[in-house]
Structures are given as C-alpha cells and as structure tokens.
>>> print(open('final_20.pdb').read())   # PDB, C-alpha atoms
ATOM      1  CA  MET A   1      12.725  26.913 -11.576  1.00  0.00           C
ATOM      2  CA  LEU A   2      14.797  23.727 -11.912  1.00  0.00           C
ATOM      3  CA  ASP A   3      15.906  24.757 -15.411  1.00  0.00           C
ATOM      4  CA  GLY A   4      12.334  24.627 -16.706  1.00  0.00           C
ATOM      5  CA  TYR A   5      11.687  21.086 -15.402  1.00  0.00           C
ATOM      6  CA  GLY A   6       9.806  22.216 -12.286  1.00  0.00           C
ATOM      7  CA  SER A   7       6.308  21.718 -13.743  1.00  0.00           C
ATOM      8  CA  THR A   8       7.340  18.310 -15.094  1.00  0.00           C
ATOM      9  CA  ILE A   9       8.552  17.204 -11.651  1.00  0.00           C
ATOM     10  CA  ILE A  10       5.296  18.429 -10.074  1.00  0.00           C
ATOM     11  CA  GLU A  11       3.267  16.446 -12.625  1.00  0.00           C
ATOM     12  CA  GLY A  12       5.331  13.401 -11.717  1.00  0.00           C
ATOM     13  CA  ALA A  13       4.745  14.079  -8.019  1.00  0.00           C
ATOM     14  CA  TRP A  14       0.978  14.131  -8.569  1.00  0.00           C
ATOM     15  CA  LEU A  15       1.194  10.797 -10.399  1.00  0.00           C
ATOM     16  CA  THR A  16       3.325   9.396  -7.558  1.00  0.00           C
ATOM     17  CA  LEU A  17       0.759  10.489  -4.958  1.00  0.00           C
ATOM     18  CA  THR A  18      -2.095   9.040  -7.012  1.00  0.00           C
ATOM     19  CA  LEU A  19      -0.195   5.776  -7.367  1.00  0.00           C
ATOM     20  CA  ALA A  20       0.494   5.625  -3.619  1.00  0.00           C
ATOM     21  CA  LEU A  21      -3.104   6.360  -2.582  1.00  0.00           C
ATOM     22  CA  THR A  22      -4.612   3.907  -5.064  1.00  0.00           C
ATOM     23  CA  SER A  23      -2.102   1.211  -4.140  1.00  0.00           C
ATOM     24  CA  MET A  24      -2.856   1.730  -0.441  1.00  0.00           C
ATOM     25  CA  ALA A  25      -6.569   1.274  -1.112  1.00  0.00           C
ATOM     26  CA  VAL A  26      -5.852  -2.048  -2.850  1.00  0.00           C
ATOM     27  CA  ALA A  27      -3.443  -3.042  -0.056  1.00  0.00           C
ATOM     28  CA  THR A  28      -6.049  -2.255   2.606  1.00  0.00           C
ATOM     29  CA  VAL A  29      -8.625  -4.509   0.963  1.00  0.00           C
ATOM     30  CA  LEU A  30      -6.095  -7.329   0.535  1.00  0.00           C
ATOM     31  CA  GLY A  31      -4.829  -6.782   4.081  1.00  0.00           C
ATOM     32  CA  LEU A  32      -8.319  -7.125   5.548  1.00  0.00           C
ATOM     33  CA  LEU A  33      -8.985 -10.243   3.468  1.00  0.00           C
ATOM     34  CA  GLY A  34      -5.607 -11.681   4.470  1.00  0.00           C
ATOM     35  CA  ALA A  35      -6.221 -10.935   8.154  1.00  0.00           C
ATOM     36  CA  ALA A  36      -9.669 -12.558   7.950  1.00  0.00           C
ATOM     37  CA  ALA A  37      -8.077 -15.603   6.314  1.00  0.00           C
ATOM     38  CA  ARG A  38      -5.336 -15.856   8.931  1.00  0.00           C
ATOM     39  CA  LEU A  39      -7.879 -15.638  11.770  1.00  0.00           C
ATOM     40  CA  SER A  40     -10.229 -18.122  10.123  1.00  0.00           C
ATOM     41  CA  PRO A  41     -10.940 -21.332  12.060  1.00  0.00           C
ATOM     42  CA  VAL A  42     -10.886 -23.175   8.717  1.00  0.00           C
ATOM     43  CA  ARG A  43      -7.335 -24.515   8.486  1.00  0.00           C
ATOM     44  CA  PRO A  44      -6.876 -24.381   4.653  1.00  0.00           C
ATOM     45  CA  VAL A  45      -8.085 -20.764   4.593  1.00  0.00           C
ATOM     46  CA  ALA A  46      -5.769 -19.801   7.464  1.00  0.00           C
ATOM     47  CA  LEU A  47      -2.886 -21.559   5.717  1.00  0.00           C
ATOM     48  CA  LEU A  48      -3.583 -19.658   2.492  1.00  0.00           C
ATOM     49  CA  GLY A  49      -3.437 -16.355   4.373  1.00  0.00           C
ATOM     50  CA  GLU A  50      -0.208 -17.370   6.091  1.00  0.00           C
ATOM     51  CA  VAL A  51       1.435 -18.384   2.804  1.00  0.00           C
ATOM     52  CA  TYR A  52       0.476 -15.057   1.189  1.00  0.00           C
ATOM     53  CA  SER A  53       1.824 -13.045   4.109  1.00  0.00           C
ATOM     54  CA  THR A  54       5.034 -15.038   4.529  1.00  0.00           C
ATOM     55  CA  VAL A  55       6.023 -15.418   0.878  1.00  0.00           C
ATOM     56  CA  VAL A  56       5.361 -11.823  -0.187  1.00  0.00           C
ATOM     57  CA  ARG A  57       7.120 -10.320   2.843  1.00  0.00           C
ATOM     58  CA  GLY A  58      10.105 -12.585   2.245  1.00  0.00           C
ATOM     59  CA  ILE A  59      10.855 -11.399  -1.317  1.00  0.00           C
ATOM     60  CA  PRO A  60      12.403  -7.960  -2.071  1.00  0.00           C
ATOM     61  CA  ASP A  61       9.910  -5.435  -3.435  1.00  0.00           C
ATOM     62  CA  LEU A  62      11.945  -4.726  -6.568  1.00  0.00           C
ATOM     63  CA  VAL A  63      12.113  -8.423  -7.438  1.00  0.00           C
ATOM     64  CA  LEU A  64       8.339  -8.752  -7.062  1.00  0.00           C
ATOM     65  CA  ILE A  65       7.734  -5.629  -9.159  1.00  0.00           C
ATOM     66  CA  LEU A  66       9.862  -6.972 -12.018  1.00  0.00           C
ATOM     67  CA  LEU A  67       8.454 -10.472 -11.666  1.00  0.00           C
ATOM     68  CA  ILE A  68       4.813  -9.367 -11.654  1.00  0.00           C
ATOM     69  CA  PHE A  69       5.180  -6.737 -14.377  1.00  0.00           C
ATOM     70  CA  TYR A  70       7.267  -8.667 -16.890  1.00  0.00           C
ATOM     71  CA  GLY A  71       6.068 -12.110 -15.872  1.00  0.00           C
ATOM     72  CA  GLY A  72       2.460 -10.924 -15.882  1.00  0.00           C
ATOM     73  CA  GLN A  73       2.865  -9.373 -19.314  1.00  0.00           C
ATOM     74  CA  ASP A  74       4.367 -12.575 -20.668  1.00  0.00           C
ATOM     75  CA  LEU A  75       1.546 -14.627 -19.149  1.00  0.00           C
ATOM     76  CA  VAL A  76      -1.132 -12.319 -20.584  1.00  0.00           C
ATOM     77  CA  ASN A  77       0.376 -12.562 -24.064  1.00  0.00           C
ATOM     78  CA  ARG A  78       0.551 -16.343 -23.813  1.00  0.00           C
ATOM     79  CA  VAL A  79      -3.071 -16.665 -22.723  1.00  0.00           C
ATOM     80  CA  ALA A  80      -4.575 -14.033 -25.084  1.00  0.00           C
ATOM     81  CA  PRO A  81      -4.079 -16.090 -28.306  1.00  0.00           C
ATOM     82  CA  LEU A  82      -5.900 -18.987 -26.646  1.00  0.00           C
ATOM     83  CA  LEU A  83      -8.874 -16.661 -26.239  1.00  0.00           C
ATOM     84  CA  GLY A  84      -8.724 -15.502 -29.848  1.00  0.00           C
ATOM     85  CA  TYR A  85      -6.826 -12.228 -29.299  1.00  0.00           C
ATOM     86  CA  GLU A  86      -3.728 -12.105 -31.539  1.00  0.00           C
ATOM     87  CA  ASP A  87      -2.347  -8.578 -30.955  1.00  0.00           C
ATOM     88  CA  TYR A  88       0.500  -8.017 -28.497  1.00  0.00           C
ATOM     89  CA  ILE A  89      -0.703  -6.597 -25.160  1.00  0.00           C
ATOM     90  CA  ASP A  90       1.329  -3.985 -23.290  1.00  0.00           C
ATOM     91  CA  LEU A  91       0.445  -3.713 -19.609  1.00  0.00           C
ATOM     92  CA  ASN A  92      -0.254  -0.173 -18.440  1.00  0.00           C
ATOM     93  CA  PRO A  93       2.610   0.740 -16.033  1.00  0.00           C
ATOM     94  CA  PHE A  94       0.253   2.652 -13.718  1.00  0.00           C
ATOM     95  CA  VAL A  95      -2.285  -0.167 -13.440  1.00  0.00           C
ATOM     96  CA  ALA A  96       0.501  -2.731 -13.064  1.00  0.00           C
ATOM     97  CA  GLY A  97       2.156  -0.535 -10.421  1.00  0.00           C
ATOM     98  CA  VAL A  98      -1.055  -0.110  -8.436  1.00  0.00           C
ATOM     99  CA  PHE A  99      -1.809  -3.820  -8.265  1.00  0.00           C
ATOM    100  CA  THR A 100       1.820  -4.786  -7.662  1.00  0.00           C
ATOM    101  CA  MET A 101       2.281  -2.342  -4.787  1.00  0.00           C
ATOM    102  CA  GLY A 102      -1.160  -3.203  -3.443  1.00  0.00           C
ATOM    103  CA  PHE A 103      -0.344  -6.907  -3.574  1.00  0.00           C
ATOM    104  CA  ILE A 104       2.989  -6.412  -1.799  1.00  0.00           C
ATOM    105  CA  PHE A 105       1.780  -4.125   0.975  1.00  0.00           C
ATOM    106  CA  GLY A 106      -1.431  -6.078   1.420  1.00  0.00           C
ATOM    107  CA  ALA A 107       0.784  -8.786   2.964  1.00  0.00           C
ATOM    108  CA  TYR A 108       2.230  -6.308   5.464  1.00  0.00           C
ATOM    109  CA  LEU A 109      -1.181  -4.868   6.324  1.00  0.00           C
ATOM    110  CA  CYS A 110      -2.477  -8.410   6.748  1.00  0.00           C
ATOM    111  CA  GLU A 111      -0.228  -8.753   9.801  1.00  0.00           C
ATOM    112  CA  THR A 112      -1.069  -5.249  11.015  1.00  0.00           C
ATOM    113  CA  PHE A 113      -4.806  -5.895  10.916  1.00  0.00           C
ATOM    114  CA  ARG A 114      -4.454  -9.403  12.358  1.00  0.00           C
ATOM    115  CA  GLY A 115      -2.538  -8.049  15.334  1.00  0.00           C
ATOM    116  CA  ALA A 116      -5.100  -5.272  15.801  1.00  0.00           C
ATOM    117  CA  PHE A 117      -8.011  -7.727  15.850  1.00  0.00           C
ATOM    118  CA  MET A 118      -6.166  -9.983  18.278  1.00  0.00           C
ATOM    119  CA  ALA A 119      -5.599  -7.020  20.625  1.00  0.00           C
ATOM    120  CA  ILE A 120      -9.351  -6.688  21.176  1.00  0.00           C
ATOM    121  CA  PRO A 121     -10.515  -8.696  24.234  1.00  0.00           C
ATOM    122  CA  ALA A 122     -12.630 -11.649  23.102  1.00  0.00           C
ATOM    123  CA  GLY A 123     -15.205 -10.863  25.781  1.00  0.00           C
ATOM    124  CA  GLN A 124     -16.326  -7.752  23.920  1.00  0.00           C
ATOM    125  CA  ALA A 125     -17.583  -9.728  20.928  1.00  0.00           C
ATOM    126  CA  GLU A 126     -19.241 -12.170  23.295  1.00  0.00           C
ATOM    127  CA  ALA A 127     -20.922  -9.293  25.141  1.00  0.00           C
ATOM    128  CA  GLY A 128     -22.230  -7.899  21.854  1.00  0.00           C
ATOM    129  CA  ALA A 129     -23.674 -11.302  20.950  1.00  0.00           C
ATOM    130  CA  ALA A 130     -25.253 -11.525  24.406  1.00  0.00           C
ATOM    131  CA  TYR A 131     -27.023  -8.222  23.738  1.00  0.00           C
ATOM    132  CA  GLY A 132     -28.587  -9.774  20.654  1.00  0.00           C
ATOM    133  CA  MET A 133     -26.298  -8.256  18.001  1.00  0.00           C
ATOM    134  CA  SER A 134     -25.702 -10.167  14.797  1.00  0.00           C
ATOM    135  CA  ARG A 135     -22.156 -11.015  13.673  1.00  0.00           C
ATOM    136  CA  GLY A 136     -22.242  -8.102  11.236  1.00  0.00           C
ATOM    137  CA  GLN A 137     -23.341  -5.677  13.945  1.00  0.00           C
ATOM    138  CA  VAL A 138     -20.653  -6.930  16.333  1.00  0.00           C
ATOM    139  CA  LEU A 139     -18.038  -6.464  13.607  1.00  0.00           C
ATOM    140  CA  ARG A 140     -19.291  -3.026  12.573  1.00  0.00           C
ATOM    141  CA  ARG A 141     -20.092  -1.535  15.972  1.00  0.00           C
ATOM    142  CA  ILE A 142     -17.559  -3.162  18.291  1.00  0.00           C
ATOM    143  CA  LEU A 143     -14.631  -4.779  16.512  1.00  0.00           C
ATOM    144  CA  LEU A 144     -13.860  -2.484  13.565  1.00  0.00           C
ATOM    145  CA  PRO A 145     -13.717   0.823  15.515  1.00  0.00           C
ATOM    146  CA  GLN A 146     -11.296  -0.701  18.021  1.00  0.00           C
ATOM    147  CA  MET A 147      -9.318  -2.509  15.341  1.00  0.00           C
ATOM    148  CA  ILE A 148      -8.776   0.799  13.544  1.00  0.00           C
ATOM    149  CA  ARG A 149      -7.398   2.379  16.716  1.00  0.00           C
ATOM    150  CA  PHE A 150      -4.958  -0.473  17.272  1.00  0.00           C
ATOM    151  CA  ALA A 151      -3.998  -0.642  13.590  1.00  0.00           C
ATOM    152  CA  ILE A 152      -3.298   3.046  12.935  1.00  0.00           C
ATOM    153  CA  PRO A 153       0.375   3.025  14.110  1.00  0.00           C
ATOM    154  CA  GLY A 154       1.205   0.024  11.914  1.00  0.00           C
ATOM    155  CA  PHE A 155      -0.898   1.398   9.074  1.00  0.00           C
ATOM    156  CA  THR A 156       1.000   4.693   9.294  1.00  0.00           C
ATOM    157  CA  ASN A 157       4.355   2.944   9.060  1.00  0.00           C
ATOM    158  CA  ASN A 158       3.223   0.871   6.061  1.00  0.00           C
ATOM    159  CA  TRP A 159       1.869   3.956   4.308  1.00  0.00           C
ATOM    160  CA  LEU A 160       5.174   5.801   4.733  1.00  0.00           C
ATOM    161  CA  VAL A 161       7.128   2.845   3.372  1.00  0.00           C
ATOM    162  CA  LEU A 162       4.706   2.401   0.459  1.00  0.00           C
ATOM    163  CA  ALA A 163       4.839   6.105  -0.444  1.00  0.00           C
ATOM    164  CA  LYS A 164       8.633   5.930  -0.702  1.00  0.00           C
ATOM    165  CA  ALA A 165       8.615   2.536  -2.436  1.00  0.00           C
ATOM    166  CA  THR A 166       6.612   3.994  -5.345  1.00  0.00           C
ATOM    167  CA  ALA A 167       9.980   5.225  -6.651  1.00  0.00           C
ATOM    168  CA  LEU A 168      10.689   1.609  -7.636  1.00  0.00           C
ATOM    169  CA  ILE A 169       7.844   1.615 -10.166  1.00  0.00           C
ATOM    170  CA  SER A 170       9.870   3.955 -12.380  1.00  0.00           C
ATOM    171  CA  VAL A 171      11.928   0.907 -13.421  1.00  0.00           C
ATOM    172  CA  VAL A 172       8.951  -0.406 -15.440  1.00  0.00           C
ATOM    173  CA  GLY A 173       8.486   2.892 -17.290  1.00  0.00           C
ATOM    174  CA  LEU A 174       5.930   4.747 -15.167  1.00  0.00           C
ATOM    175  CA  GLN A 175       6.619   8.463 -15.568  1.00  0.00           C
ATOM    176  CA  ASP A 176       6.391   9.350 -11.885  1.00  0.00           C
ATOM    177  CA  MET A 177       8.509  12.055 -10.286  1.00  0.00           C
ATOM    178  CA  MET A 178      11.486   9.715  -9.973  1.00  0.00           C
ATOM    179  CA  PHE A 179      11.327   8.958 -13.697  1.00  0.00           C
ATOM    180  CA  LYS A 180      10.941  12.677 -14.483  1.00  0.00           C
ATOM    181  CA  ALA A 181      13.846  13.605 -12.215  1.00  0.00           C
ATOM    182  CA  LYS A 182      16.128  11.034 -13.835  1.00  0.00           C
ATOM    183  CA  SER A 183      15.207  12.315 -17.315  1.00  0.00           C
ATOM    184  CA  ALA A 184      15.877  15.902 -16.250  1.00  0.00           C
ATOM    185  CA  ALA A 185      19.157  14.932 -14.566  1.00  0.00           C
ATOM    186  CA  ASP A 186      20.335  13.113 -17.693  1.00  0.00           C
ATOM    187  CA  ALA A 187      19.415  16.082 -19.898  1.00  0.00           C
ATOM    188  CA  THR A 188      21.023  18.776 -17.726  1.00  0.00           C
ATOM    189  CA  HIS A 189      23.822  16.782 -16.050  1.00  0.00           C
ATOM    190  CA  GLN A 190      22.612  18.083 -12.677  1.00  0.00           C
ATOM    191  CA  PRO A 191      21.593  14.919 -10.817  1.00  0.00           C
ATOM    192  CA  PHE A 192      22.060  16.402  -7.346  1.00  0.00           C
ATOM    193  CA  THR A 193      19.612  19.250  -8.045  1.00  0.00           C
ATOM    194  CA  PHE A 194      16.762  17.070  -9.296  1.00  0.00           C
ATOM    195  CA  TYR A 195      17.206  14.173  -6.892  1.00  0.00           C
ATOM    196  CA  LEU A 196      17.327  16.659  -4.009  1.00  0.00           C
ATOM    197  CA  ALA A 197      14.059  18.168  -5.265  1.00  0.00           C
ATOM    198  CA  VAL A 198      12.474  14.714  -5.381  1.00  0.00           C
ATOM    199  CA  ALA A 199      13.739  13.962  -1.867  1.00  0.00           C
ATOM    200  CA  ALA A 200      12.122  17.190  -0.651  1.00  0.00           C
ATOM    201  CA  LEU A 201       8.804  16.261  -2.306  1.00  0.00           C
ATOM    202  CA  TYR A 202       8.831  12.781  -0.753  1.00  0.00           C
ATOM    203  CA  LEU A 203       9.585  14.370   2.617  1.00  0.00           C
ATOM    204  CA  LEU A 204       6.671  16.778   2.137  1.00  0.00           C
ATOM    205  CA  ILE A 205       4.274  13.921   1.317  1.00  0.00           C
ATOM    206  CA  THR A 206       5.356  11.822   4.291  1.00  0.00           C
ATOM    207  CA  SER A 207       5.338  14.786   6.707  1.00  0.00           C
ATOM    208  CA  ILE A 208       1.780  15.797   5.768  1.00  0.00           C
ATOM    209  CA  SER A 209       0.749  12.136   5.977  1.00  0.00           C
ATOM    210  CA  LEU A 210       2.161  11.873   9.507  1.00  0.00           C
ATOM    211  CA  LEU A 211       0.203  14.924  10.641  1.00  0.00           C
ATOM    212  CA  LEU A 212      -3.070  13.608   9.188  1.00  0.00           C
ATOM    213  CA  LEU A 213      -2.637  10.087  10.543  1.00  0.00           C
ATOM    214  CA  ARG A 214      -1.648  11.349  13.987  1.00  0.00           C
ATOM    215  CA  PHE A 215      -4.824  13.435  14.032  1.00  0.00           C
ATOM    216  CA  LEU A 216      -6.781  10.314  13.061  1.00  0.00           C
ATOM    217  CA  GLU A 217      -5.067   8.311  15.812  1.00  0.00           C
ATOM    218  CA  GLN A 218      -5.938  10.951  18.408  1.00  0.00           C
ATOM    219  CA  ARG A 219      -9.546  11.004  17.221  1.00  0.00           C
ATOM    220  CA  TYR A 220      -9.896   7.232  17.565  1.00  0.00           C
ATOM    221  CA  SER A 221      -8.181   7.358  20.967  1.00  0.00           C
ATOM    222  CA  VAL A 222     -10.778   9.715  22.469  1.00  0.00           C
ATOM    223  CA  GLY A 223     -12.169   8.147  25.627  1.00  0.00           C
ATOM    224  CA  THR A 224      -9.212   5.828  26.151  1.00  0.00           C
ATOM    225  CA  LYS A 225      -6.587   6.238  28.809  1.00  0.00           C
ATOM    226  CA  ALA A 226      -2.913   5.579  28.242  1.00  0.00           C
ATOM    227  CA  VAL A 227      -1.389   3.042  30.591  1.00  0.00           C
ATOM    228  CA  GLU A 228       1.550   4.492  32.501  1.00  0.00           C
ATOM    229  CA  LEU A 229       4.368   2.039  33.142  1.00  0.00           C
TER     230      LEU A 229
END
>>> encode(input="final_20.pdb", output="structure tokens")
Amino acid sequence: MLDGYGSTIIEGAWLTLTLALTSMAVATVLGLLGAAARLSPVRPVALLGEVYSTVVRGIPDLVLILLIFYGGQDLVNRVAPLLGYEDYIDLNPFVAGVFTMGFIFGAYLCETFRGAFMAIPAGQAEAGAAYGMSRGQVLRRILLPQMIRFAIPGFTNNWLVLAKATALISVVGLQDMMFKAKSAADATHQPFTFYLAVAALYLLITSISLLLLRFLEQRYSVGTKAVEL
C-alpha cells in the first residue's frame, strides 16, 4: 500500500490528530480566558483581551508559526545563559506546534465564546441571583450550558480550520502526515499519490468531527425550539 509508506503516513496522521486535539484544548482555555477578559467591566482587562483577539486574527497563521517557533527559540537561547544554562536549547516541534496553534485559535474562540455569552439574556443571570445562587453557581448551572449551545457552531468551524491548519506545522520539522507525505513523494516521485492520500485522511478526520459535533449540538438543543422565519 502506497509503495510501503502507508504505515508511515498513518503514524503521521495519528500525530496530526494528537496535535489538533491538544492544540484545541489549549485554544479553548485561552478562548474562555480571552472572552472573560473582553466581557470584563475593568477597562484595562477588556482592552488586553481585545488586543489579543485583534492582533492574532490579523496576522497570517504561517507567519505566526514561524515567528513564535524561531523567535521563541532565539529568545529562549538568549535568556538561558542569564540563568546559568549554557547549552543550546532546541524547542520540541510538537510542543511548539501545540502552543502556537492553541495561541492562534484561542483568539478566534475568544470571539466565539464572547458572542455565545452575549446571546444569553441578561435576565437569566439576574433570576439565578434572585434565587440565591452564587456567581459560581449561576455560571455553572445557567450560563455555561447555554453558552455551549450557542458556541458549538462557531467551535465546530474553528475546529475544522485548526485540524487542516496543522499541516502548516510541518514547516518547523514536525513529522506529521504532511511531512511524511512530502518525504514519501520526494523519494518515489509520486506527489499526487501521497498528497491525495493525505487529503483523504484530512477529509476523514473532518467528516467524523462534523458528525460528532452535530450530535453534540443536537444534544444541547434538546428542549429548545427553532424559530421559523
């Protein structure tokens, strides 16, 4: 299968999926923090969240990947001698990829979560407080479940884009399925075969993701009624 490179491509696909899932976890945390900052009544905090969201979304992903990976590595090796560490430090491509992708897509999820929170009528939080709930209980029992329902469509779109954007991490040496496919294509001079296989694997990942996230959306929509225009 694939001139003996099939197992190598599958190994790369597993690494790609791991990278995407881990990056999305980081992005979700940063997105929630960013949304909380943007909705904060404290002006400097809200401004910080706005700057993060605006700046990161305004720079191409590939530029940020190269800037964070190579710039971060240079910064680490400049700071390390000041702390008494003299050896050269190579950043792990997987770890760098996870935090870079998480940082980038955290800015997009920041807007997704902010919009979802804003879609919840303010009276519901006030009603929860009137029933004697603490802020944590209002957030956990009233706001978060509804926020998730409103956020799932945007979250789904960001996940699909992130899953495909993991191909960019191959430029910093991560041996994901894109890196493996390029190596196999160079060795066999059959680029169409291997890139088509990678395209099929990406399509498989995104198709399964759509099915799972649609099921999740339907589950969180139980008890709600669609508005007919």
>>> atom_distance(input="final_20.pdb", atom1="atom CA of Met24 of chain A", atom2="atom CA of Asn77 of chain A")
27.8 Å
>>> residues_around(input="final_20.pdb", residues="segment 111-124 of chain A", least_positions_apart="5", cutoff="9 Å", atoms="all atoms listed in the file", output="ChimeraX atom specification")
/A:31-32,34-36,38-39,53,106,129,138,142-144,146-155,158
>>> write_last_selection(input="final_20.pdb", atoms="C-alpha atoms", output="CSV table (one decimal), in the coordinates of the input")
chain,number,residue,atom,x,y,z
A,31,GLY,CA,-4.8,-6.8,4.1
A,32,LEU,CA,-8.3,-7.1,5.5
A,34,GLY,CA,-5.6,-11.7,4.5
A,35,ALA,CA,-6.2,-10.9,8.2
A,36,ALA,CA,-9.7,-12.6,8.0
A,38,ARG,CA,-5.3,-15.9,8.9
A,39,LEU,CA,-7.9,-15.6,11.8
A,53,SER,CA,1.8,-13.0,4.1
A,106,GLY,CA,-1.4,-6.1,1.4
A,129,ALA,CA,-23.7,-11.3,21.0
A,138,VAL,CA,-20.7,-6.9,16.3
A,142,ILE,CA,-17.6,-3.2,18.3
A,143,LEU,CA,-14.6,-4.8,16.5
A,144,LEU,CA,-13.9,-2.5,13.6
A,146,GLN,CA,-11.3,-0.7,18.0
A,147,MET,CA,-9.3,-2.5,15.3
A,148,ILE,CA,-8.8,0.8,13.5
A,149,ARG,CA,-7.4,2.4,16.7
A,150,PHE,CA,-5.0,-0.5,17.3
A,151,ALA,CA,-4.0,-0.6,13.6
A,152,ILE,CA,-3.3,3.0,12.9
A,153,PRO,CA,0.4,3.0,14.1
A,154,GLY,CA,1.2,0.0,11.9
A,155,PHE,CA,-0.9,1.4,9.1
A,158,ASN,CA,3.2,0.9,6.1
>>> resolve_selection(input="final_20.pdb", expression="the PyMOL selection byres ((chain A and resi 179-195) around 8)", output="list of chain:residue names")
A:Leu2, A:Tyr5, A:Thr8, A:Ile9, A:Gly12, A:Ser170, A:Gly173, A:Leu174, A:Gln175, A:Asp176, A:Met177, A:Met178, A:Leu196, A:Ala197, A:Val198, A:Ala199
>>> write_last_selection(input="final_20.pdb", atoms="C-alpha atoms", output="CSV table (one decimal), in the frame of the given file")
chain,number,residue,atom,x,y,z
A,2,LEU,CA,14.8,23.7,-11.9
A,5,TYR,CA,11.7,21.1,-15.4
A,8,THR,CA,7.3,18.3,-15.1
A,9,ILE,CA,8.6,17.2,-11.7
A,12,GLY,CA,5.3,13.4,-11.7
A,170,SER,CA,9.9,4.0,-12.4
A,173,GLY,CA,8.5,2.9,-17.3
A,174,LEU,CA,5.9,4.7,-15.2
A,175,GLN,CA,6.6,8.5,-15.6
A,176,ASP,CA,6.4,9.4,-11.9
A,177,MET,CA,8.5,12.1,-10.3
A,178,MET,CA,11.5,9.7,-10.0
A,196,LEU,CA,17.3,16.7,-4.0
A,197,ALA,CA,14.1,18.2,-5.3
A,198,VAL,CA,12.5,14.7,-5.4
A,199,ALA,CA,13.7,14.0,-1.9
>>> resolve_selection(input="final_20.pdb", expression="the PyMOL selection byres ((chain A and resi 166) around 10)", output="ChimeraX atom specification")
/A:16-17,19-20,23,97-98,101,161-165,167-170,174,176-178
>>> closest_residue(input="final_20.pdb", among="A:Leu109, A:Ala27, A:Leu91, A:Val171", to="Val63 of chain A", atoms="only C-alpha atoms")
A:Val171
>>> atom_distance(input="final_20.pdb", atom1="atom CA of Leu216 of chain A", atom2="atom CA of Leu33 of chain A")
22.8 Å
>>> closest_residue(input="final_20.pdb", among="A:Pro145, A:Ala130, A:Leu66, A:Val42", to="Arg219 of chain A", atoms="all atoms listed in the file")
A:Pro145
>>> decode(input="final_20.pdb", residues="segment 85-117 of chain A", atoms="C-alpha atoms", output="PDB file, in the first residue's frame")
ATOM      1  CA  TYR A  85      22.315  27.338  31.353  1.00  0.00           C
ATOM      2  CA  GLU A  86      24.974  27.379  28.605  1.00  0.00           C
ATOM      3  CA  ASP A  87      23.869  24.561  26.255  1.00  0.00           C
ATOM      4  CA  TYR A  88      21.881  25.356  23.112  1.00  0.00           C
ATOM      5  CA  ILE A  89      18.155  24.609  23.506  1.00  0.00           C
ATOM      6  CA  ASP A  90      16.133  23.137  20.644  1.00  0.00           C
ATOM      7  CA  LEU A  91      12.387  23.630  21.010  1.00  0.00           C
ATOM      8  CA  ASN A  92      10.357  20.456  20.579  1.00  0.00           C
ATOM      9  CA  PRO A  93       8.342  20.911  17.329  1.00  0.00           C
ATOM     10  CA  PHE A  94       5.286  19.163  18.803  1.00  0.00           C
ATOM     11  CA  VAL A  95       5.206  21.267  21.970  1.00  0.00           C
ATOM     12  CA  ALA A  96       5.900  24.428  19.970  1.00  0.00           C
ATOM     13  CA  GLY A  97       3.164  23.457  17.498  1.00  0.00           C
ATOM     14  CA  VAL A  98       0.607  22.810  20.231  1.00  0.00           C
ATOM     15  CA  PHE A  99       1.137  26.145  21.950  1.00  0.00           C
ATOM     16  CA  THR A 100       1.406  28.073  18.682  1.00  0.00           C
ATOM     17  CA  MET A 101      -1.816  26.644  17.256  1.00  0.00           C
ATOM     18  CA  GLY A 102      -3.512  26.979  20.632  1.00  0.00           C
ATOM     19  CA  PHE A 103      -2.420  30.604  20.883  1.00  0.00           C
ATOM     20  CA  ILE A 104      -3.654  31.399  17.369  1.00  0.00           C
ATOM     21  CA  PHE A 105      -7.034  29.693  17.593  1.00  0.00           C
ATOM     22  CA  GLY A 106      -7.585  30.870  21.147  1.00  0.00           C
ATOM     23  CA  ALA A 107      -8.077  34.334  19.605  1.00  0.00           C
ATOM     24  CA  TYR A 108     -10.776  33.012  17.269  1.00  0.00           C
ATOM     25  CA  LEU A 109     -12.514  31.074  20.039  1.00  0.00           C
ATOM     26  CA  CYS A 110     -12.358  34.189  22.202  1.00  0.00           C
ATOM     27  CA  GLU A 111     -14.820  35.842  19.813  1.00  0.00           C
ATOM     28  CA  THR A 112     -16.910  32.679  19.523  1.00  0.00           C
ATOM     29  CA  PHE A 113     -17.321  32.366  23.281  1.00  0.00           C
ATOM     30  CA  ARG A 114     -17.863  36.107  23.748  1.00  0.00           C
ATOM     31  CA  GLY A 115     -20.686  36.072  21.221  1.00  0.00           C
ATOM     32  CA  ALA A 116     -22.197  32.985  22.856  1.00  0.00           C
ATOM     33  CA  PHE A 117     -22.204  34.599  26.305  1.00  0.00           C
TER      34      PHE A 117
END
